[in-house]
>>> print(open('upload-v5.cif').read())   # mmCIF, C-alpha atoms
data_target
loop_
_atom_site.label_atom_id
_atom_site.label_comp_id
_atom_site.auth_asym_id
_atom_site.auth_seq_id
_atom_site.Cartn_x
_atom_site.Cartn_y
_atom_site.Cartn_z
CA VAL A 249 -35.49 110.92 22.32
CA LEU A 250 -35.49 111.75 18.60
CA ARG A 251 -31.75 111.54 18.15
CA ARG A 252 -29.02 110.28 20.46
CA GLU A 253 -25.92 112.11 19.22
CA PRO A 254 -26.09 115.03 19.25
CA LEU A 255 -29.08 114.66 21.56
CA VAL A 256 -32.53 115.88 20.51
CA ALA A 257 -35.39 115.11 22.91
CA LEU A 258 -39.03 116.19 23.10
CA VAL A 259 -40.98 116.11 26.39
CA ASP A 260 -44.78 116.31 26.58
CA ASP A 261 -46.49 118.51 29.20
CA PHE A 262 -43.24 119.92 30.55
CA VAL A 263 -44.90 123.24 31.43
CA ASP A 264 -48.52 123.86 32.38
CA GLU A 265 -50.84 126.72 31.52
CA ALA A 266 -50.46 128.38 34.92
CA GLU A 267 -46.67 128.46 34.54
CA CYS A 268 -46.96 129.88 31.04
CA ALA A 269 -49.33 132.57 32.33
CA ALA A 270 -46.87 133.45 35.10
CA LEU A 271 -44.01 133.68 32.60
CA ARG A 272 -46.11 135.96 30.40
CA ALA A 273 -46.75 138.18 33.42
CA HIS A 274 -43.00 138.48 33.94
CA VAL A 275 -42.55 140.14 30.54
CA ASP A 276 -45.84 142.02 30.30
CA GLY A 277 -45.20 145.25 28.42
CA ARG A 278 -41.48 144.48 27.89
CA LEU A 279 -41.44 142.59 24.59
CA LYS A 280 -39.28 144.33 21.98
CA ARG A 281 -37.76 143.49 18.62
CA ALA A 282 -35.48 140.51 19.13
CA ARG A 283 -31.72 141.08 19.17
CA THR A 284 -28.72 138.80 18.87
CA GLY A 285 -25.12 138.79 20.01
CA ALA A 286 -25.31 139.93 23.65
CA LYS A 287 -21.88 139.49 25.22
CA THR A 288 -22.28 140.84 28.75
CA ALA A 289 -24.95 141.01 31.44
CA GLY A 290 -27.29 143.87 30.51
CA ASP A 291 -26.12 143.93 26.88
CA GLU A 292 -29.19 143.86 24.62
CA GLY A 293 -27.26 142.80 21.51
CA GLU A 294 -28.00 144.03 18.00
CA LEU A 295 -31.07 144.13 15.78
CA ASP A 296 -30.76 141.50 13.11
CA SER A 297 -32.94 140.95 10.03
CA TYR A 298 -32.01 137.28 10.32
CA ARG A 299 -34.39 137.05 13.26
CA ARG A 300 -37.88 138.54 13.18
CA ALA A 301 -39.67 138.29 16.52
CA LEU A 302 -40.37 140.06 19.80
CA SER A 303 -38.40 139.11 22.89
CA ALA A 304 -37.65 139.87 26.52
CA THR A 305 -35.60 138.19 29.23
CA ILE A 306 -36.40 136.96 32.72
CA GLU A 307 -33.58 137.03 35.26
CA VAL A 308 -34.10 133.88 37.32
CA ASP A 309 -33.50 133.85 41.06
CA PRO A 310 -32.16 130.31 41.67
CA TYR A 311 -33.35 130.39 45.28
CA ASP A 312 -36.95 131.57 44.76
CA GLY A 313 -38.79 128.27 44.59
CA ASP A 314 -42.17 130.01 44.53
CA ASP A 315 -41.48 131.70 41.21
CA ALA A 316 -42.60 129.91 38.04
CA ALA A 317 -39.44 130.96 36.19
CA THR A 318 -37.27 129.31 38.84
CA ARG A 319 -39.34 126.12 38.89
CA VAL A 320 -39.27 125.77 35.11
CA SER A 321 -35.53 126.46 34.91
CA GLU A 322 -34.75 123.98 37.69
CA ARG A 323 -36.69 121.29 35.84
CA VAL A 324 -34.81 122.08 32.63
CA PHE A 325 -31.44 121.65 34.33
CA ALA A 326 -32.53 118.46 36.08
CA LEU A 327 -33.66 117.03 32.73
CA ALA A 328 -30.41 118.04 31.03
CA ARG A 329 -28.32 116.40 33.74
CA GLU A 330 -30.32 113.18 33.48
CA VAL A 331 -30.85 112.93 29.73
CA ALA A 332 -27.87 114.79 28.26
CA GLY A 333 -25.37 114.11 31.04
CA LEU A 334 -24.52 117.80 31.42
CA ARG A 335 -22.80 119.09 34.54
CA ALA A 336 -25.00 122.17 34.71
CA TRP A 337 -26.99 123.85 37.47
CA LEU A 338 -29.11 127.01 37.50
CA PRO A 339 -26.92 129.52 39.44
CA GLY A 340 -24.88 131.78 37.16
CA GLN A 341 -26.66 130.81 33.95
CA GLU A 342 -28.10 133.10 31.26
CA ALA A 343 -31.54 134.60 31.75
CA LEU A 344 -34.62 132.93 30.31
CA SER A 345 -35.45 134.33 26.89
CA VAL A 346 -39.14 134.81 26.07
CA ILE A 347 -39.80 135.05 22.33
CA GLU A 348 -43.04 135.79 20.49
CA TYR A 349 -43.33 135.05 16.77
CA GLY A 350 -46.26 136.58 14.88
CA ALA A 351 -47.33 136.25 11.25
CA ASN A 352 -44.32 135.91 8.90
CA ASP A 353 -41.84 136.03 11.79
CA GLU A 354 -38.96 133.55 11.70
CA TYR A 355 -35.43 132.81 12.86
CA ARG A 356 -33.25 131.72 9.96
CA PRO A 357 -30.69 128.89 10.26
CA HIS A 358 -28.24 129.44 13.10
CA CYS A 359 -26.37 127.71 15.90
CA ASP A 360 -26.98 128.65 19.53
CA GLY A 361 -23.44 127.67 20.50
CA ASN A 362 -20.33 126.30 18.85
CA CYS A 363 -21.35 123.85 16.12
CA ALA A 364 -18.05 123.84 14.23
CA GLY A 365 -16.54 120.90 16.09
CA GLY A 366 -13.52 120.95 18.36
CA PRO A 367 -13.31 120.49 22.14
CA TYR A 368 -15.73 122.02 24.59
CA GLU A 369 -14.37 125.11 26.33
CA ARG A 370 -15.39 125.85 29.91
CA GLY A 371 -18.30 128.26 30.12
CA GLN A 372 -19.54 127.74 26.57
CA ARG A 373 -23.15 126.98 25.83
CA ALA A 374 -23.65 123.23 25.76
CA ALA A 375 -27.39 122.81 25.11
CA THR A 376 -30.67 124.60 24.47
CA ALA A 377 -34.14 123.98 25.92
CA ILE A 378 -37.27 125.50 24.36
CA ALA A 379 -40.66 125.40 26.12
CA PHE A 380 -43.61 125.98 23.80
CA CYS A 381 -46.35 127.84 25.64
CA GLU A 382 -48.25 128.62 22.42
CA THR A 383 -47.79 127.17 18.95
CA ALA A 384 -48.75 128.53 15.55
CA ALA A 385 -51.88 127.37 13.76
CA ARG A 386 -49.74 126.91 10.65
CA GLY A 387 -45.98 127.05 10.28
CA GLY A 388 -43.53 127.78 13.07
CA ALA A 389 -41.79 124.39 13.13
CA THR A 390 -38.23 123.96 14.39
CA ALA A 391 -36.05 122.54 11.61
CA PHE A 392 -32.58 121.12 12.15
CA THR A 393 -31.38 122.33 8.79
CA ARG A 394 -28.33 120.06 8.49
CA GLY A 395 -29.55 117.29 10.76
CA GLY A 396 -32.61 116.03 8.87
CA LEU A 397 -35.17 116.72 11.63
CA VAL A 398 -38.26 118.91 11.50
CA ILE A 399 -40.28 119.24 14.71
CA THR A 400 -43.80 120.63 14.76
CA PRO A 401 -44.36 121.23 18.48
CA ARG A 402 -47.53 121.09 20.52
CA PRO A 403 -48.37 123.46 23.38
CA ARG A 404 -46.62 122.71 26.72
CA GLN A 405 -43.91 120.55 25.11
CA LEU A 406 -40.19 121.09 25.74
CA LEU A 407 -37.50 120.59 23.11
CA LEU A 408 -34.01 119.86 24.46
CA PHE A 409 -30.99 119.58 22.20
CA ALA A 410 -27.30 119.40 23.09
CA TYR A 411 -24.31 120.43 21.04
CA LYS A 412 -21.74 119.06 23.48
CA HIS A 413 -21.09 115.35 22.96
CA ALA A 414 -20.53 112.92 25.80
CA ASN A 415 -16.82 112.71 24.87
CA GLY A 416 -16.37 116.46 25.35
CA SER A 417 -16.29 117.43 21.68
CA MET A 418 -18.70 119.88 20.09
CA ASP A 419 -21.26 119.23 17.36
CA ASP A 420 -20.06 119.82 13.81
CA GLY A 421 -23.27 121.26 12.37
CA HIS A 422 -26.12 118.86 13.13
CA THR A 423 -27.63 121.28 15.70
CA GLU A 424 -27.89 124.17 13.27
CA HIS A 425 -31.62 124.98 13.32
CA SER A 426 -34.21 127.49 12.25
CA GLY A 427 -37.53 128.74 13.57
CA CYS A 428 -39.62 128.35 10.43
CA PRO A 429 -41.91 131.23 9.41
CA VAL A 430 -45.25 131.47 11.20
CA ASP A 431 -47.93 131.30 8.51
CA GLU A 432 -50.95 131.66 10.79
CA GLY A 433 -51.41 132.43 14.47
CA ARG A 434 -48.65 133.03 17.00
CA LYS A 435 -45.78 131.11 18.56
CA TRP A 436 -44.78 131.94 22.13
CA ILE A 437 -41.70 130.20 23.52
CA VAL A 438 -39.37 130.34 26.49
CA THR A 439 -35.72 129.45 25.86
CA GLN A 440 -33.07 128.41 28.37
CA TRP A 441 -29.45 128.10 27.26
CA LEU A 442 -27.33 125.78 29.37
CA ARG A 443 -23.62 126.07 30.14
CA GLU A 444 -21.30 123.89 32.15
CA ASP A 445 -18.86 125.25 34.76
CA VAL A 446 -20.73 128.47 35.57
CA SER A 447 -21.81 129.54 39.07
CA LEU A 448 -22.84 132.64 41.00
CA GLU A 449 -19.14 133.28 41.63
CA LYS A 450 -18.27 132.65 37.95
CA PRO A 451 -21.40 133.62 35.95
CA TRP A 452 -21.83 133.03 32.23
CA TYR A 453 -20.74 136.50 31.14
CA SER A 454 -17.37 136.18 32.93
CA PHE A 455 -16.17 133.75 30.25
CA ASP A 456 -14.52 135.28 27.17
CA ASN A 457 -15.50 132.43 24.85
CA TRP A 458 -19.19 133.36 24.90
#
>>> encode(input="upload-v5.cif", output="C-alpha coordinates")
Amino acid sequence: VLRREPLVALVDDFVDEAECAALRAHVDGRLKRARTGAKTAGDEGELDSYRRALSATIEVDPYDGDDAATRVSERVFALAREVAGLRAWLPGQEALSVIEYGANDEYRPHCDGNCAGGPYERGQRAATAIAFCETAARGGATAFTRGGLVITPRPRQLLLFAYKHANGSMDDGHTEHSGCPVDEGRKWIVTQWLREDVSLEKPWYSFDNW
(Lines of atoms letter the chains of each structure in order from A and count residues from 1; the text may use other names and numbers.)
(Lines give C-alpha, C1' and ligand atoms only; values in the text may rest on other atoms or scores of the structure.)
Protein backbone atom coordinates (compact mmCIF):
# COMPACT_ATOMS: atom_id res chain seq x y z
CA VAL A 1 0.00 0.00 0.00
CA LEU A 2 1.62 3.24 -1.17
CA ARG A 3 -1.14 5.52 0.02
CA ARG A 4 -4.16 4.85 2.22
CA GLU A 5 -6.59 7.60 1.22
CA PRO A 6 -7.33 7.65 -1.61
CA LEU A 7 -5.93 4.13 -1.87
CA VAL A 8 -2.95 3.34 -4.10
CA ALA A 9 -1.60 -0.22 -3.92
CA LEU A 10 0.95 -2.16 -5.95
CA VAL A 11 0.92 -5.98 -6.08
CA ASP A 12 3.86 -8.07 -7.31
CA ASP A 13 3.31 -11.06 -9.63
CA PHE A 14 -0.43 -10.48 -9.94
CA VAL A 15 -0.48 -11.89 -13.48
CA ASP A 16 1.80 -14.51 -14.98
CA GLU A 17 3.30 -14.78 -18.46
CA ALA A 18 0.80 -17.42 -19.59
CA GLU A 19 -2.12 -15.17 -18.64
CA CYS A 20 -0.54 -12.22 -20.44
CA ALA A 21 -0.05 -14.38 -23.53
CA ALA A 22 -3.69 -15.46 -23.41
CA LEU A 23 -4.84 -11.85 -23.09
CA ARG A 24 -2.69 -10.89 -26.07
CA ALA A 25 -4.33 -13.68 -28.07
CA HIS A 26 -7.73 -12.21 -27.25
CA VAL A 27 -6.88 -8.96 -29.05
CA ASP A 28 -4.62 -10.31 -31.79
CA GLY A 29 -5.15 -8.18 -34.89
CA ARG A 30 -7.69 -5.89 -33.16
CA LEU A 31 -5.51 -3.14 -31.68
CA LYS A 32 -6.48 0.30 -33.00
CA ARG A 33 -5.78 3.91 -32.12
CA ALA A 34 -7.04 4.46 -28.58
CA ARG A 35 -10.28 6.37 -28.07
CA THR A 36 -11.91 8.02 -25.08
CA GLY A 37 -15.41 8.86 -23.95
CA ALA A 38 -17.42 5.70 -24.73
CA LYS A 39 -20.87 6.08 -23.19
CA THR A 40 -22.71 2.91 -24.24
CA ALA A 41 -21.92 -0.74 -24.87
CA GLY A 42 -20.39 -0.96 -28.35
CA ASP A 43 -19.54 2.75 -28.44
CA GLU A 44 -15.88 3.13 -29.47
CA GLY A 45 -15.59 6.71 -28.23
CA GLU A 46 -13.59 9.43 -29.97
CA LEU A 47 -10.00 9.78 -31.14
CA ASP A 48 -8.15 12.08 -28.81
CA SER A 49 -4.67 13.59 -29.21
CA TYR A 50 -4.50 13.61 -25.41
CA ARG A 51 -3.97 9.86 -25.56
CA ARG A 52 -1.52 8.24 -27.97
CA ALA A 53 -1.66 4.44 -27.90
CA LEU A 54 -3.25 1.38 -29.45
CA SER A 55 -6.13 -0.33 -27.67
CA ALA A 56 -8.78 -3.03 -27.83
CA THR A 57 -11.32 -4.42 -25.38
CA ILE A 58 -12.05 -7.90 -24.07
CA GLU A 59 -15.65 -8.64 -23.10
CA VAL A 60 -15.34 -10.85 -20.03
CA ASP A 61 -17.69 -13.77 -19.45
CA PRO A 62 -18.06 -13.82 -15.64
CA TYR A 63 -18.92 -17.53 -15.69
CA ASP A 64 -16.07 -18.83 -17.86
CA GLY A 65 -13.52 -19.81 -15.25
CA ASP A 66 -11.25 -21.38 -17.86
CA ASP A 67 -10.64 -18.07 -19.62
CA ALA A 68 -7.62 -16.02 -18.53
CA ALA A 69 -9.57 -12.77 -18.85
CA THR A 70 -12.18 -14.04 -16.39
CA ARG A 71 -9.60 -15.32 -13.92
CA VAL A 72 -7.65 -12.05 -13.95
CA SER A 73 -10.80 -9.94 -13.58
CA GLU A 74 -12.11 -12.08 -10.72
CA ARG A 75 -8.82 -11.63 -8.88
CA VAL A 76 -8.97 -7.87 -9.44
CA PHE A 77 -12.44 -7.64 -7.91
CA ALA A 78 -11.51 -9.89 -4.99
CA LEU A 79 -8.49 -7.67 -4.28
CA ALA A 80 -10.58 -4.49 -4.51
CA ARG A 81 -13.16 -5.85 -2.09
CA GLU A 82 -10.47 -6.84 0.41
CA VAL A 83 -8.08 -3.90 0.12
CA ALA A 84 -10.32 -1.01 -0.97
CA GLY A 85 -13.55 -2.17 0.66
CA LEU A 86 -15.50 -1.85 -2.59
CA ARG A 87 -18.85 -3.58 -3.03
CA ALA A 88 -18.03 -4.67 -6.56
CA TRP A 89 -18.28 -7.96 -8.45
CA LEU A 90 -17.50 -8.88 -12.05
CA PRO A 91 -20.98 -9.29 -13.64
CA GLY A 92 -22.16 -6.16 -15.46
CA GLN A 93 -18.82 -4.36 -15.36
CA GLU A 94 -16.97 -2.65 -18.22
CA ALA A 95 -14.84 -4.73 -20.56
CA LEU A 96 -11.13 -5.15 -19.97
CA SER A 97 -9.15 -2.55 -21.89
CA VAL A 98 -5.86 -3.69 -23.46
CA ILE A 99 -3.52 -0.80 -24.25
CA GLU A 100 -0.17 -0.82 -26.05
CA TYR A 101 2.14 2.18 -25.80
CA GLY A 102 5.03 2.42 -28.26
CA ALA A 103 7.82 4.97 -28.61
CA ASN A 104 6.64 8.50 -27.68
CA ASP A 105 3.14 7.28 -26.81
CA GLU A 106 1.56 8.68 -23.65
CA TYR A 107 -1.69 9.43 -21.84
CA ARG A 108 -1.70 12.97 -20.49
CA PRO A 109 -3.11 13.84 -17.04
CA HIS A 110 -6.69 12.68 -16.60
CA CYS A 111 -9.11 11.12 -14.13
CA ASP A 112 -10.71 7.75 -14.84
CA GLY A 113 -13.79 8.66 -12.82
CA ASN A 114 -15.10 11.57 -10.81
CA CYS A 115 -12.19 13.26 -9.03
CA ALA A 116 -13.92 16.55 -8.29
CA GLY A 117 -15.23 15.55 -4.87
CA GLY A 118 -18.85 15.14 -3.85
CA PRO A 119 -20.78 11.97 -2.96
CA TYR A 120 -20.48 8.72 -4.86
CA GLU A 121 -23.36 8.10 -7.25
CA ARG A 122 -24.53 4.55 -7.89
CA GLY A 123 -22.97 3.03 -10.97
CA GLN A 124 -20.03 5.42 -11.18
CA ARG A 125 -16.49 4.18 -11.54
CA ALA A 126 -14.96 3.77 -8.10
CA ALA A 127 -11.47 2.40 -8.81
CA THR A 128 -8.99 1.39 -11.51
CA ALA A 129 -6.71 -1.65 -11.74
CA ILE A 130 -3.82 -1.82 -14.22
CA ALA A 131 -1.92 -5.05 -14.89
CA PHE A 132 1.49 -4.52 -16.51
CA CYS A 133 2.26 -7.39 -18.87
CA GLU A 134 5.20 -5.54 -20.46
CA THR A 135 6.98 -2.41 -19.30
CA ALA A 136 9.06 0.11 -21.21
CA ALA A 137 12.85 -0.01 -21.16
CA ARG A 138 12.79 3.72 -20.43
CA GLY A 139 9.88 5.95 -19.55
CA GLY A 140 6.27 4.85 -19.28
CA ALA A 141 5.81 5.48 -15.56
CA THR A 142 2.40 6.18 -14.02
CA ALA A 143 2.44 9.59 -12.34
CA PHE A 144 -0.25 10.81 -9.96
CA THR A 145 0.10 14.37 -11.11
CA ARG A 146 -1.57 16.05 -8.13
CA GLY A 147 -0.90 13.32 -5.59
CA GLY A 148 2.90 13.32 -5.43
CA LEU A 149 3.40 9.69 -6.53
CA VAL A 150 5.35 8.35 -9.50
CA ILE A 151 5.30 4.59 -10.05
CA THR A 152 7.73 2.84 -12.36
CA PRO A 153 6.15 -0.61 -12.72
CA ARG A 154 7.74 -3.98 -13.26
CA PRO A 155 6.31 -6.73 -15.47
CA ARG A 156 3.43 -8.75 -13.93
CA GLN A 157 2.66 -6.11 -11.27
CA LEU A 158 -0.85 -4.74 -10.68
CA LEU A 159 -1.57 -1.14 -9.72
CA LEU A 160 -4.88 -0.57 -7.91
CA PHE A 161 -6.13 2.89 -7.03
CA ALA A 162 -9.53 3.98 -5.74
CA TYR A 163 -11.25 7.33 -6.09
CA LYS A 164 -14.17 6.46 -3.82
CA HIS A 165 -13.35 7.02 -0.15
CA ALA A 166 -14.53 4.72 2.61
CA ASN A 167 -17.02 7.39 3.76
CA GLY A 168 -18.72 7.42 0.35
CA SER A 169 -17.22 10.68 -0.92
CA MET A 170 -15.18 10.96 -4.09
CA ASP A 171 -11.54 11.97 -4.47
CA ASP A 172 -10.91 15.66 -5.05
CA GLY A 173 -7.99 15.36 -7.46
CA HIS A 174 -5.34 13.12 -5.90
CA THR A 175 -6.11 10.28 -8.37
CA GLU A 176 -5.52 12.41 -11.45
CA HIS A 177 -2.74 10.52 -13.25
CA SER A 178 -0.83 10.26 -16.49
CA GLY A 179 0.85 7.52 -18.47
CA CYS A 180 4.24 9.13 -19.00
CA PRO A 181 5.79 9.01 -22.49
CA VAL A 182 7.53 5.79 -23.48
CA ASP A 183 11.11 6.73 -24.33
CA GLU A 184 12.33 3.27 -25.29
CA GLY A 185 10.64 -0.09 -25.78
CA ARG A 186 6.95 -0.83 -25.33
CA LYS A 187 4.38 -0.83 -22.53
CA TRP A 188 1.54 -3.34 -22.69
CA ILE A 189 -1.16 -3.06 -20.03
CA VAL A 190 -4.59 -4.44 -19.21
CA THR A 191 -6.98 -2.09 -17.40
CA GLN A 192 -10.10 -2.96 -15.42
CA TRP A 193 -12.40 -0.18 -14.23
CA LEU A 194 -14.51 -1.05 -11.20
CA ARG A 195 -18.00 0.18 -10.37
CA GLU A 196 -20.27 -0.49 -7.43
CA ASP A 197 -23.96 -1.42 -7.79
CA VAL A 198 -23.79 -2.88 -11.30
CA SER A 199 -24.97 -6.37 -12.28
CA LEU A 200 -25.99 -8.38 -15.32
CA GLU A 201 -29.51 -7.00 -14.84
CA LYS A 202 -28.19 -3.43 -14.37
CA PRO A 203 -24.92 -3.25 -16.38
CA TRP A 204 -22.54 -0.31 -16.30
CA TYR A 205 -23.90 1.39 -19.42
CA SER A 206 -27.44 1.54 -18.00
CA PHE A 207 -26.37 4.31 -15.61
CA ASP A 208 -26.62 7.89 -16.92
CA ASN A 209 -23.83 9.22 -14.71
CA TRP A 210 -21.11 7.36 -16.62
>>> resolve_selection(input="upload-v5.cif", expression="the PyMOL selection byres ((chain A and resi 390) around 6)", output="JSON, numbers by chain")
{"A": [389, 391, 398, 399, 426, 427]}
>>> write_last_selection(input="upload-v5.cif", atoms="C-alpha atoms", output="PDB file, in the frame of the given file")
ATOM      1  CA  ALA A 389     -41.790 124.390  13.130  1.00  0.00           C
ATOM      2  CA  ALA A 391     -36.050 122.540  11.610  1.00  0.00           C
ATOM      3  CA  VAL A 398     -38.260 118.910  11.500  1.00  0.00           C
ATOM      4  CA  ILE A 399     -40.280 119.240  14.710  1.00  0.00           C
ATOM      5  CA  SER A 426     -34.210 127.490  12.250  1.00  0.00           C
ATOM      6  CA  GLY A 427     -37.530 128.740  13.570  1.00  0.00           C
TER       7      GLY A 427
END
>>> residues_around(input="upload-v5.cif", residues="Arg394 in chain A", least_positions_apart="2", cutoff="12 Å", atoms="all atoms listed in the file", output="count of residues only")
17
>>> resolve_selection(input="upload-v5.cif", expression="the PyMOL selection byres ((chain A and resi 254-259) around 6)", output="PDB file with C-alpha atoms, in the coordinates of the input")
ATOM      1  CA  VAL A 249     -35.490 110.920  22.320  1.00  0.00           C
ATOM      2  CA  LEU A 250     -35.490 111.750  18.600  1.00  0.00           C
ATOM      3  CA  ARG A 251     -31.750 111.540  18.150  1.00  0.00           C
ATOM      4  CA  ARG A 252     -29.020 110.280  20.460  1.00  0.00           C
ATOM      5  CA  GLU A 253     -25.920 112.110  19.220  1.00  0.00           C
ATOM      6  CA  ASP A 260     -44.780 116.310  26.580  1.00  0.00           C
ATOM      7  CA  GLN A 405     -43.910 120.550  25.110  1.00  0.00           C
ATOM      8  CA  LEU A 406     -40.190 121.090  25.740  1.00  0.00           C
ATOM      9  CA  LEU A 407     -37.500 120.590  23.110  1.00  0.00           C
ATOM     10  CA  LEU A 408     -34.010 119.860  24.460  1.00  0.00           C
ATOM     11  CA  PHE A 409     -30.990 119.580  22.200  1.00  0.00           C
ATOM     12  CA  ALA A 410     -27.300 119.400  23.090  1.00  0.00           C
ATOM     13  CA  TYR A 411     -24.310 120.430  21.040  1.00  0.00           C
TER      14      TYR A 411
END
>>> resolve_selection(input="upload-v5.cif", expression="the PyMOL selection byres ((chain A and resi 339) around 8)", output="list of chain:residue names")
A:Pro310, A:Trp337, A:Leu338, A:Gly340, A:Gln341, A:Val446, A:Ser447, A:Leu448, A:Pro451
>>> residues_around(input="upload-v5.cif", residues="Asp353 in chain A", least_positions_apart="6", cutoff="8 Å", atoms="all atoms listed in the file", output="NGL selection string")
:A and (299-301 or 429-430)
>>> residues_around(input="upload-v5.cif", residues="Ala316 in chain A", least_positions_apart="3", cutoff="10 Å", atoms="all atoms listed in the file", output="count of residues only")
15
>>> atom_distance(input="upload-v5.cif", atom1="CA of Thr376 in chain A", atom2="CA of Gly277 in chain A")
25.6 Å
>>> axis_aligned_box(input="upload-v5.cif", around="range 366-374 of chain A", padding_each_side="3 Å", output="lines of an AutoDock Vina configuration file")
center_x = -18.5
center_y = 124.4
center_z = 24.2
size_x = 16.3
size_y = 13.8
size_z = 17.8
>>> closest_residue(input="upload-v5.cif", among="A:Tyr311, A:Arg373, A:Ile378, A:Tyr349", to="Val324 in chain A", atoms="all atoms listed in the file")
A:Ile378
>>> closest_residue(input="upload-v5.cif", among="A:Gly395, A:Leu279, A:Ser417, A:Pro401", to="Ile306 in chain A", atoms="only C-alpha atoms")
A:Leu279
>>> atom_distance(input="upload-v5.cif", atom1="CA of Asp431 in chain A", atom2="CA of Cys381 in chain A")
17.5 Å
>>> residues_near_point(input="upload-v5.cif", point="(-20.9, 116.4, 25.9)", cutoff="12 Å", atoms="only C-alpha atoms", output="VMD selection string")
chain A and resid 252 to 255 328 to 329 331 to 336 365 to 370 372 to 375 409 to 419 442 to 444
>>> atom_distance(input="upload-v5.cif", atom1="CA of Arg402 in chain A", atom2="CA of Phe380 in chain A")
7.1 Å
>>> closest_residue(input="upload-v5.cif", among="A:Thr393, A:Thr318, A:Gln440, A:Ser345", to="Leu302 in chain A", atoms="all atoms listed in the file")
A:Ser345
>>> closest_residue(input="upload-v5.cif", among="A:Cys428, A:Ala364, A:Val438, A:Ala326", to="Pro403 in chain A", atoms="all atoms listed in the file")
A:Val438
>>> decode(input="upload-v5.cif", residues="range 328-344 of chain A", atoms="N, CA, C and O atoms", output="PDB file, in the first residue's frame")
ATOM      1  N   ALA A 328      -9.948  -5.785  -4.791  1.00  0.00           N
ATOM      2  CA  ALA A 328     -10.580  -4.495  -4.511  1.00  0.00           C
ATOM      3  C   ALA A 328     -11.554  -4.588  -3.340  1.00  0.00           C
ATOM      4  O   ALA A 328     -11.663  -3.652  -2.541  1.00  0.00           O
ATOM      5  N   ARG A 329     -12.254  -5.699  -3.228  1.00  0.00           N
ATOM      6  CA  ARG A 329     -13.163  -5.854  -2.086  1.00  0.00           C
ATOM      7  C   ARG A 329     -12.381  -5.928  -0.784  1.00  0.00           C
ATOM      8  O   ARG A 329     -12.774  -5.353   0.230  1.00  0.00           O
ATOM      9  N   GLU A 330     -11.256  -6.637  -0.822  1.00  0.00           N
ATOM     10  CA  GLU A 330     -10.471  -6.838   0.406  1.00  0.00           C
ATOM     11  C   GLU A 330      -9.674  -5.601   0.794  1.00  0.00           C
ATOM     12  O   GLU A 330      -9.657  -5.209   1.969  1.00  0.00           O
ATOM     13  N   VAL A 331      -9.024  -4.978  -0.179  1.00  0.00           N
ATOM     14  CA  VAL A 331      -8.084  -3.897   0.124  1.00  0.00           C
ATOM     15  C   VAL A 331      -8.753  -2.530   0.111  1.00  0.00           C
ATOM     16  O   VAL A 331      -8.449  -1.667   0.955  1.00  0.00           O
ATOM     17  N   ALA A 332      -9.677  -2.321  -0.842  1.00  0.00           N
ATOM     18  CA  ALA A 332     -10.315  -1.007  -0.969  1.00  0.00           C
ATOM     19  C   ALA A 332     -11.707  -0.974  -0.362  1.00  0.00           C
ATOM     20  O   ALA A 332     -12.319   0.098  -0.294  1.00  0.00           O
ATOM     21  N   GLY A 333     -12.225  -2.128   0.055  1.00  0.00           N
ATOM     22  CA  GLY A 333     -13.547  -2.171   0.659  1.00  0.00           C
ATOM     23  C   GLY A 333     -14.684  -1.901  -0.304  1.00  0.00           C
ATOM     24  O   GLY A 333     -15.780  -1.512   0.114  1.00  0.00           O
ATOM     25  N   LEU A 334     -14.463  -2.125  -1.603  1.00  0.00           N
ATOM     26  CA  LEU A 334     -15.505  -1.849  -2.588  1.00  0.00           C
ATOM     27  C   LEU A 334     -16.537  -2.977  -2.612  1.00  0.00           C
ATOM     28  O   LEU A 334     -16.195  -4.148  -2.456  1.00  0.00           O
ATOM     29  N   ARG A 335     -17.782  -2.606  -2.840  1.00  0.00           N
ATOM     30  CA  ARG A 335     -18.850  -3.585  -3.032  1.00  0.00           C
ATOM     31  C   ARG A 335     -18.999  -3.784  -4.545  1.00  0.00           C
ATOM     32  O   ARG A 335     -19.922  -3.270  -5.188  1.00  0.00           O
ATOM     33  N   ALA A 336     -18.081  -4.547  -5.107  1.00  0.00           N
ATOM     34  CA  ALA A 336     -18.033  -4.671  -6.564  1.00  0.00           C
ATOM     35  C   ALA A 336     -17.711  -6.103  -6.958  1.00  0.00           C
ATOM     36  O   ALA A 336     -16.779  -6.709  -6.423  1.00  0.00           O
ATOM     37  N   TRP A 337     -18.497  -6.619  -7.904  1.00  0.00           N
ATOM     38  CA  TRP A 337     -18.285  -7.956  -8.450  1.00  0.00           C
ATOM     39  C   TRP A 337     -18.229  -7.852  -9.963  1.00  0.00           C
ATOM     40  O   TRP A 337     -18.616  -6.847 -10.557  1.00  0.00           O
ATOM     41  N   LEU A 338     -17.770  -8.913 -10.616  1.00  0.00           N
ATOM     42  CA  LEU A 338     -17.498  -8.877 -12.053  1.00  0.00           C
ATOM     43  C   LEU A 338     -18.738  -8.712 -12.934  1.00  0.00           C
ATOM     44  O   LEU A 338     -18.703  -7.937 -13.892  1.00  0.00           O
ATOM     45  N   PRO A 339     -19.860  -9.395 -12.697  1.00  0.00           N
ATOM     46  CA  PRO A 339     -20.980  -9.288 -13.643  1.00  0.00           C
ATOM     47  C   PRO A 339     -21.466  -7.858 -13.838  1.00  0.00           C
ATOM     48  O   PRO A 339     -21.650  -7.103 -12.890  1.00  0.00           O
ATOM     49  N   GLY A 340     -21.649  -7.479 -15.122  1.00  0.00           N
ATOM     50  CA  GLY A 340     -22.163  -6.164 -15.459  1.00  0.00           C
ATOM     51  C   GLY A 340     -21.135  -5.066 -15.562  1.00  0.00           C
ATOM     52  O   GLY A 340     -21.479  -3.910 -15.867  1.00  0.00           O
ATOM     53  N   GLN A 341     -19.867  -5.382 -15.337  1.00  0.00           N
ATOM     54  CA  GLN A 341     -18.820  -4.360 -15.358  1.00  0.00           C
ATOM     55  C   GLN A 341     -18.350  -4.068 -16.790  1.00  0.00           C
ATOM     56  O   GLN A 341     -18.658  -4.799 -17.727  1.00  0.00           O
ATOM     57  N   GLU A 342     -17.575  -2.990 -16.932  1.00  0.00           N
ATOM     58  CA  GLU A 342     -16.970  -2.649 -18.218  1.00  0.00           C
ATOM     59  C   GLU A 342     -16.015  -3.743 -18.680  1.00  0.00           C
ATOM     60  O   GLU A 342     -15.458  -4.506 -17.878  1.00  0.00           O
ATOM     61  N   ALA A 343     -15.797  -3.787 -19.991  1.00  0.00           N
ATOM     62  CA  ALA A 343     -14.842  -4.732 -20.565  1.00  0.00           C
ATOM     63  C   ALA A 343     -13.426  -4.403 -20.105  1.00  0.00           C
ATOM     64  O   ALA A 343     -13.119  -3.276 -19.717  1.00  0.00           O
ATOM     65  N   LEU A 344     -12.557  -5.410 -20.148  1.00  0.00           N
ATOM     66  CA  LEU A 344     -11.130  -5.152 -19.969  1.00  0.00           C
ATOM     67  C   LEU A 344     -10.628  -4.308 -21.137  1.00  0.00           C
ATOM     68  O   LEU A 344     -11.042  -4.510 -22.287  1.00  0.00           O
TER      69      LEU A 344
END
